[in-house]
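protein.csv (CSV, N, CA and C atoms) appears below.
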```
chain,number,residue,atom,x,y,z
A,140,GLN,N,-10.8,308.1,175.1
A,140,GLN,CA,-10.0,307.0,175.8
A,140,GLN,C,-10.1,305.8,174.9
A,141,VAL,N,-8.9,305.3,174.6
A,141,VAL,CA,-8.8,304.1,173.8
A,141,VAL,C,-9.2,302.9,174.6
A,142,GLN,N,-10.0,302.0,174.0
A,142,GLN,CA,-10.3,300.8,174.7
A,142,GLN,C,-10.0,299.6,173.8
A,143,LEU,N,-9.5,298.5,174.5
A,143,LEU,CA,-9.1,297.3,173.8
A,143,LEU,C,-9.7,296.2,174.5
A,144,VAL,N,-10.4,295.3,173.7
A,144,VAL,CA,-11.0,294.1,174.3
A,144,VAL,C,-10.5,292.9,173.7
A,145,GLU,N,-10.0,292.0,174.5
A,145,GLU,CA,-9.5,290.7,174.0
A,145,GLU,C,-10.5,289.6,174.1
A,146,LEU,N,-10.6,288.8,173.0
A,146,LEU,CA,-11.5,287.7,173.0
A,146,LEU,C,-10.8,286.5,172.5
A,147,GLY,N,-11.4,285.3,172.9
A,147,GLY,CA,-10.9,284.1,172.3
A,147,GLY,C,-10.1,283.2,173.1
A,148,GLY,N,-9.8,283.6,174.4
A,148,GLY,CA,-9.0,282.8,175.2
A,148,GLY,C,-9.8,281.5,175.6
A,149,GLY,N,-9.1,280.6,176.3
A,149,GLY,CA,-9.8,279.4,176.8
A,149,GLY,C,-8.8,278.3,177.1
A,150,LEU,N,-9.4,277.1,177.2
A,150,LEU,CA,-8.7,275.9,177.5
A,150,LEU,C,-8.5,275.1,176.3
A,151,VAL,N,-7.3,274.7,176.0
A,151,VAL,CA,-7.0,273.8,174.8
A,151,VAL,C,-6.0,272.8,175.1
A,152,GLN,N,-6.1,271.7,174.5
A,152,GLN,CA,-5.1,270.6,174.7
A,152,GLN,C,-3.8,270.9,174.0
A,153,SER,N,-2.7,270.4,174.5
A,153,SER,CA,-1.4,270.5,173.9
A,153,SER,C,-1.5,270.1,172.4
A,154,GLY,N,-0.9,270.9,171.5
A,154,GLY,CA,-1.0,270.7,170.1
A,154,GLY,C,-2.1,271.4,169.4
A,155,GLY,N,-3.0,271.9,170.2
A,155,GLY,CA,-4.2,272.6,169.6
A,155,GLY,C,-3.9,274.0,169.2
A,156,SER,N,-5.0,274.7,168.7
A,156,SER,CA,-4.9,276.0,168.2
A,156,SER,C,-5.9,276.9,168.9
A,157,LEU,N,-5.6,278.2,169.0
A,157,LEU,CA,-6.6,279.2,169.4
A,157,LEU,C,-6.3,280.5,168.6
A,158,LYS,N,-7.4,281.2,168.4
A,158,LYS,CA,-7.2,282.5,167.7
A,158,LYS,C,-7.8,283.6,168.7
A,159,LEU,N,-6.9,284.5,169.1
A,159,LEU,CA,-7.3,285.6,169.9
A,159,LEU,C,-7.6,286.8,169.0
A,160,SER,N,-8.6,287.6,169.5
A,160,SER,CA,-8.9,288.8,168.8
A,160,SER,C,-8.8,290.0,169.8
A,161,CYS,N,-8.4,291.1,169.3
A,161,CYS,CA,-8.3,292.3,170.0
A,161,CYS,C,-9.1,293.4,169.3
A,162,VAL,N,-10.2,293.8,169.9
A,162,VAL,CA,-11.1,294.7,169.2
A,162,VAL,C,-10.8,296.1,169.8
A,163,ALA,N,-10.5,297.1,169.0
A,163,ALA,CA,-10.2,298.4,169.4
A,163,ALA,C,-11.5,299.3,169.3
A,164,SER,N,-11.5,300.4,170.1
A,164,SER,CA,-12.6,301.3,170.1
A,164,SER,C,-12.5,302.3,169.0
A,165,GLU,N,-11.3,302.3,168.2
A,165,GLU,CA,-11.2,303.3,167.2
A,165,GLU,C,-10.4,302.7,166.0
A,166,ASN,N,-10.2,303.4,165.0
A,166,ASN,CA,-9.5,303.0,163.8
A,166,ASN,C,-8.1,302.5,164.2
A,167,ILE,N,-7.8,301.2,163.9
A,167,ILE,CA,-6.5,300.7,164.3
A,167,ILE,C,-5.3,301.3,163.6
A,168,PHE,N,-5.6,302.0,162.5
A,168,PHE,CA,-4.5,302.6,161.7
A,168,PHE,C,-4.1,304.0,162.4
A,169,ASN,N,-4.8,304.3,163.4
A,169,ASN,CA,-4.4,305.5,164.2
A,169,ASN,C,-3.2,305.2,165.1
A,170,PHE,N,-3.0,303.9,165.3
A,170,PHE,CA,-1.9,303.4,166.2
A,170,PHE,C,-0.6,303.2,165.4
A,171,ASN,N,0.5,303.5,166.0
A,171,ASN,CA,1.8,303.2,165.3
A,171,ASN,C,2.0,301.7,165.3
A,172,ASN,N,1.5,301.0,166.3
A,172,ASN,CA,1.9,299.6,166.5
A,172,ASN,C,0.8,299.0,167.4
A,173,MET,N,0.5,297.8,167.1
A,173,MET,CA,-0.4,297.0,168.0
A,173,MET,C,0.2,295.6,168.1
A,174,GLY,N,-0.2,294.9,169.2
A,174,GLY,CA,0.3,293.6,169.3
A,174,GLY,C,-0.1,292.9,170.6
A,175,TRP,N,0.7,291.9,171.0
A,175,TRP,CA,0.4,291.1,172.1
A,175,TRP,C,1.6,290.8,173.0
A,176,TYR,N,1.3,290.8,174.3
A,176,TYR,CA,2.2,290.4,175.3
A,176,TYR,C,1.5,289.2,176.1
A,177,ARG,N,2.3,288.5,176.8
A,177,ARG,CA,1.7,287.5,177.7
A,177,ARG,C,2.4,287.5,179.1
A,178,GLN,N,1.7,287.0,180.1
A,178,GLN,CA,2.2,286.9,181.4
A,178,GLN,C,1.8,285.6,182.1
A,179,ALA,N,2.7,284.8,182.4
A,179,ALA,CA,2.5,283.5,183.1
A,179,ALA,C,2.6,283.8,184.6
A,180,PRO,N,2.0,283.0,185.4
A,180,PRO,CA,2.0,283.2,186.9
A,180,PRO,C,3.5,283.2,187.3
A,181,GLY,N,3.8,284.2,188.1
A,181,GLY,CA,5.1,284.4,188.7
A,181,GLY,C,6.2,284.8,187.7
A,182,ARG,N,5.8,285.2,186.5
A,182,ARG,CA,6.8,285.6,185.5
A,182,ARG,C,6.5,287.0,185.0
A,183,GLU,N,7.5,287.6,184.4
A,183,GLU,CA,7.3,289.0,183.9
A,183,GLU,C,6.6,288.9,182.6
A,184,ARG,N,6.0,290.0,182.3
A,184,ARG,CA,5.2,290.1,181.0
A,184,ARG,C,6.2,290.0,179.8
A,185,GLN,N,5.9,289.2,178.9
A,185,GLN,CA,6.7,288.8,177.7
A,185,GLN,C,6.1,289.2,176.4
A,186,PHE,N,7.0,289.8,175.6
A,186,PHE,CA,6.5,290.2,174.2
A,186,PHE,C,6.2,288.9,173.4
A,187,VAL,N,5.1,289.0,172.7
A,187,VAL,CA,4.7,287.9,171.8
A,187,VAL,C,4.8,288.3,170.3
A,188,ALA,N,4.1,289.3,169.9
A,188,ALA,CA,4.0,289.6,168.5
A,188,ALA,C,3.5,291.1,168.4
A,189,SER,N,3.8,291.7,167.2
A,189,SER,CA,3.3,293.0,166.9
A,189,SER,C,3.2,293.2,165.4
A,190,ILE,N,2.4,294.2,165.1
A,190,ILE,CA,2.2,294.6,163.7
A,190,ILE,C,2.2,296.1,163.7
A,191,ASN,N,2.9,296.7,162.8
A,191,ASN,CA,2.9,298.2,162.8
A,191,ASN,C,2.0,298.7,161.7
A,192,VAL,N,1.9,300.0,161.7
A,192,VAL,CA,0.9,300.6,160.8
A,192,VAL,C,1.1,300.2,159.3
A,193,GLY,N,2.4,300.0,159.0
A,193,GLY,CA,2.7,299.6,157.6
A,193,GLY,C,2.5,298.1,157.3
A,194,GLY,N,2.2,297.3,158.4
A,194,GLY,CA,2.0,295.9,158.2
A,194,GLY,C,3.2,295.0,158.5
A,195,ARG,N,4.3,295.6,159.0
A,195,ARG,CA,5.4,294.8,159.3
A,195,ARG,C,5.1,294.1,160.6
A,196,THR,N,5.5,292.8,160.7
A,196,THR,CA,5.2,292.0,161.9
A,196,THR,C,6.5,291.7,162.5
A,197,GLN,N,6.5,291.5,163.8
A,197,GLN,CA,7.6,291.0,164.6
A,197,GLN,C,7.1,289.9,165.6
A,198,PHE,N,8.0,289.0,165.9
A,198,PHE,CA,7.6,287.9,166.9
A,198,PHE,C,8.7,287.7,167.8
A,199,GLU,N,8.4,287.2,169.0
A,199,GLU,CA,9.4,286.7,169.9
A,199,GLU,C,10.0,285.5,169.2
A,200,ASP,N,11.3,285.4,169.3
A,200,ASP,CA,12.0,284.4,168.4
A,200,ASP,C,11.5,283.0,168.6
A,201,SER,N,11.2,282.6,169.8
A,201,SER,CA,10.8,281.2,170.1
A,201,SER,C,9.4,280.9,169.6
A,202,LEU,N,8.6,281.9,169.2
A,202,LEU,CA,7.3,281.7,168.8
A,202,LEU,C,7.1,281.7,167.3
A,203,LYS,N,8.2,282.1,166.6
A,203,LYS,CA,8.1,282.2,165.1
A,203,LYS,C,7.8,280.8,164.6
A,204,GLY,N,6.9,280.8,163.6
A,204,GLY,CA,6.5,279.5,163.0
A,204,GLY,C,5.2,278.9,163.6
A,205,ARG,N,4.9,279.3,164.9
A,205,ARG,CA,3.7,278.8,165.5
A,205,ARG,C,2.7,279.8,165.6
A,206,PHE,N,3.1,281.1,165.8
A,206,PHE,CA,2.1,282.2,166.0
A,206,PHE,C,2.2,283.1,164.8
A,207,THR,N,1.0,283.6,164.4
A,207,THR,CA,0.9,284.6,163.4
A,207,THR,C,0.0,285.8,163.9
A,208,ILE,N,0.3,287.0,163.4
A,208,ILE,CA,-0.5,288.1,163.8
A,208,ILE,C,-1.0,288.7,162.5
A,209,SER,N,-2.3,289.2,162.5
A,209,SER,CA,-2.9,289.8,161.4
A,209,SER,C,-3.9,290.8,161.9
A,210,ARG,N,-4.5,291.5,160.9
A,210,ARG,CA,-5.5,292.6,161.3
A,210,ARG,C,-6.6,292.7,160.3
A,211,ASP,N,-7.7,293.3,160.7
A,211,ASP,CA,-8.8,293.6,159.8
A,211,ASP,C,-9.2,295.0,160.2
A,212,GLY,N,-8.9,296.0,159.4
A,212,GLY,CA,-9.2,297.4,159.7
A,212,GLY,C,-10.6,297.7,159.8
A,213,ALA,N,-11.4,297.0,158.9
A,213,ALA,CA,-12.9,297.3,158.9
A,213,ALA,C,-13.5,296.8,160.2
A,214,LYS,N,-12.9,295.8,160.8
A,214,LYS,CA,-13.4,295.3,162.1
A,214,LYS,C,-12.7,295.9,163.3
A,215,LYS,N,-11.7,296.8,163.0
A,215,LYS,CA,-10.9,297.4,164.1
A,215,LYS,C,-10.3,296.3,165.0
A,216,THR,N,-9.8,295.2,164.4
A,216,THR,CA,-9.4,294.1,165.1
A,216,THR,C,-8.0,293.6,164.7
A,217,VAL,N,-7.2,293.2,165.7
A,217,VAL,CA,-5.9,292.5,165.5
A,217,VAL,C,-6.1,291.1,166.0
A,218,TYR,N,-5.5,290.2,165.3
A,218,TYR,CA,-5.7,288.8,165.6
A,218,TYR,C,-4.3,288.1,166.0
A,219,LEU,N,-4.4,287.2,166.9
A,219,LEU,CA,-3.2,286.3,167.1
A,219,LEU,C,-3.6,284.9,167.0
A,220,GLN,N,-3.1,284.3,165.9
A,220,GLN,CA,-3.4,282.9,165.7
A,220,GLN,C,-2.2,282.1,166.3
A,221,MET,N,-2.6,281.1,167.1
A,221,MET,CA,-1.6,280.3,167.9
A,221,MET,C,-1.9,278.9,167.5
A,222,ASN,N,-0.8,278.3,167.0
A,222,ASN,CA,-0.9,276.9,166.6
A,222,ASN,C,0.1,276.0,167.3
A,223,GLY,N,-0.1,274.7,167.4
A,223,GLY,CA,0.9,273.9,168.1
A,223,GLY,C,1.1,274.3,169.5
A,224,LEU,N,0.0,274.6,170.2
A,224,LEU,CA,0.2,275.2,171.5
A,224,LEU,C,0.8,274.2,172.5
A,225,LYS,N,1.6,274.7,173.4
A,225,LYS,CA,2.3,273.9,174.4
A,225,LYS,C,1.9,274.3,175.8
A,226,PRO,N,2.0,273.5,176.8
A,226,PRO,CA,1.7,273.9,178.2
A,226,PRO,C,2.4,275.2,178.6
A,227,GLU,N,3.6,275.4,178.1
A,227,GLU,CA,4.3,276.6,178.5
A,227,GLU,C,3.8,277.9,177.8
A,228,ASP,N,2.8,277.7,176.9
A,228,ASP,CA,2.2,278.9,176.4
A,228,ASP,C,1.0,279.4,177.3
A,229,THR,N,0.8,278.7,178.3
A,229,THR,CA,-0.3,279.1,179.3
A,229,THR,C,0.1,280.4,179.9
A,230,ALA,N,-0.8,281.4,179.8
A,230,ALA,CA,-0.6,282.7,180.3
A,230,ALA,C,-1.8,283.5,180.1
A,231,VAL,N,-1.8,284.7,180.7
A,231,VAL,CA,-2.8,285.7,180.3
A,231,VAL,C,-2.2,286.5,179.2
A,232,TYR,N,-3.0,286.7,178.1
A,232,TYR,CA,-2.5,287.4,176.9
A,232,TYR,C,-3.2,288.7,176.9
A,233,PHE,N,-2.3,289.7,176.7
A,233,PHE,CA,-2.7,291.1,176.7
A,233,PHE,C,-2.5,291.7,175.3
A,234,CYS,N,-3.5,292.4,174.9
A,234,CYS,CA,-3.4,293.2,173.7
A,234,CYS,C,-2.9,294.6,174.0
A,235,TYR,N,-2.1,295.2,173.2
A,235,TYR,CA,-1.7,296.6,173.4
A,235,TYR,C,-1.8,297.4,172.1
A,236,ALA,N,-1.9,298.7,172.2
A,236,ALA,CA,-1.8,299.6,171.1
A,236,ALA,C,-1.0,300.8,171.5
A,237,LYS,N,-0.1,301.2,170.6
A,237,LYS,CA,0.8,302.3,170.9
A,237,LYS,C,0.6,303.4,169.9
A,238,ILE,N,0.6,304.6,170.5
A,238,ILE,CA,0.6,305.9,169.8
A,238,ILE,C,1.7,306.7,170.3
A,239,LEU,N,2.7,306.9,169.4
A,239,LEU,CA,4.0,307.6,169.8
A,239,LEU,C,4.5,306.8,171.0
A,240,SER,N,4.6,307.5,172.2
A,240,SER,CA,5.2,306.8,173.3
A,240,SER,C,4.2,306.2,174.3
A,241,ARG,N,2.9,306.4,174.0
A,241,ARG,CA,1.9,306.0,174.9
A,241,ARG,C,1.3,304.6,174.5
A,242,HIS,N,1.2,303.7,175.6
A,242,HIS,CA,0.7,302.4,175.4
A,242,HIS,C,-0.7,302.3,176.0
A,243,TYR,N,-1.6,301.6,175.3
A,243,TYR,CA,-2.9,301.3,175.9
A,243,TYR,C,-3.0,299.8,176.0
A,244,TRP,N,-3.7,299.3,177.0
A,244,TRP,CA,-3.7,297.8,177.2
A,244,TRP,C,-5.1,297.3,177.4
A,245,GLY,N,-5.4,296.1,176.9
A,245,GLY,CA,-6.6,295.5,177.2
A,245,GLY,C,-6.6,294.8,178.6
A,246,GLN,N,-7.7,294.2,179.0
A,246,GLN,CA,-7.8,293.6,180.3
A,246,GLN,C,-7.1,292.2,180.4
A,247,GLY,N,-6.9,291.6,179.2
A,247,GLY,CA,-6.2,290.3,179.2
A,247,GLY,C,-7.2,289.2,179.0
A,248,THR,N,-6.7,288.1,178.4
A,248,THR,CA,-7.6,286.9,178.3
A,248,THR,C,-6.7,285.7,178.6
A,249,GLN,N,-7.3,284.8,179.4
A,249,GLN,CA,-6.5,283.6,179.8
A,249,GLN,C,-6.5,282.5,178.7
A,250,VAL,N,-5.3,282.0,178.5
A,250,VAL,CA,-5.1,280.9,177.6
A,250,VAL,C,-4.4,279.8,178.5
A,251,THR,N,-5.1,278.6,178.5
A,251,THR,CA,-4.6,277.5,179.3
A,251,THR,C,-4.4,276.3,178.4
A,252,VAL,N,-3.2,275.8,178.4
A,252,VAL,CA,-2.9,274.6,177.5
A,252,VAL,C,-2.6,273.4,178.4
A,253,SER,N,-3.5,272.4,178.3
A,253,SER,CA,-3.3,271.2,179.1
A,253,SER,C,-2.4,270.2,178.4
A,254,SER,N,-1.7,269.5,179.2
A,254,SER,CA,-0.8,268.5,178.6
A,254,SER,C,-1.5,267.1,178.4
```
Show how you would write the structure in this file as structure tokens.
Amino acid sequence: QVQLVELGGGLVQSGGSLKLSCVASENIFNFNNMGWYRQAPGRERQFVASINVGGRTQFEDSLKGRFTISRDGAKKTVYLQMNGLKPEDTAVYFCYAKILSRHYWGQGTQVTVSS
């Protein structure tokens, strides 16, 4: 069973930065795609960023330039670097990993941006 653990959430002031980590229980290159979604209270889960096995990255359009995604295969970890954070970035951030049509999810980590 694939397990994903998110780390690095917390409280930050507007304009600040946070780096989230998603640690997988197995080789991250086993997955077709890994990335992040977020869900704010009362809202649907929203795509944030992804990286595929070949290293291609994708971002939600409004987050381009502020968020970056990277990985470290040796550490079985995918990272989400978030800069210039805004109060509207407040949400629970979920890591996912995809193998063919199957998705695995982490438990989520809370990010709160104060104004």
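Computed from the coordinates, the atom C of Phe206 of chain A to atom N of Lys158 of chain A distance equals 10.4 Å.
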Pick out the closest residue to Tyr176 of chain A from this set: A:Gln142, A:Phe233, A:Gly245, A:Ile190. Count all atoms listed in the file.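 Of A:Gln142, A:Phe233, A:Gly245, A:Ile190, the one nearest Tyr176 of chain A, counting all atoms listed in the file, is A:Phe233.
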List as number ranges by chain the protein and nucleic acid residues near Asp211 of chain A, meaning an atom at most 8 Å away when only N, CA and C atoms are counted, but skip any in the same chain fewer than 6 places from it. A: 167, 217-218
Report as number ranges by chain all protein, DNA and RNA residues lying within 5 Å of Gly155 of chain A, evaluated on all atoms listed in the file, omitting residues in the same chain fewer than 6 positions from it. A: 222-224
Under the rule that only N, CA and C atoms are counted, which of A:Ser240, A:Gly174, A:Gly147, A:Ser201 is the nearest residue to Ala188 of chain A? A:Gly174
Hey, can you check how far atom C of Thr248 of chain A sits from atom N of Gly194 of chain A?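 Between atom C of Thr248 of chain A and atom N of Gly194 of chain A the gap is 24.9 Å.
Closest approach to Gly149 of chain A among A:Val162, A:Val250, A:Val187, A:Ala230 is made by A:Val250 (distances from all atoms listed in the file).
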Can you list every residue in segment 157-242 of chain A that DSSP puts in strand (DSSP E or B), as JSON, numbers by chain? {"A": [157, 158, 159, 160, 161, 162, 163, 172, 173, 174, 175, 176, 177, 178, 185, 186, 187, 188, 189, 190, 191, 196, 197, 198, 203, 206, 207, 208, 209, 210, 211, 216, 217, 218, 219, 220, 221, 230, 231, 232, 233, 234, 235, 236, 237, 238, 241, 242]}
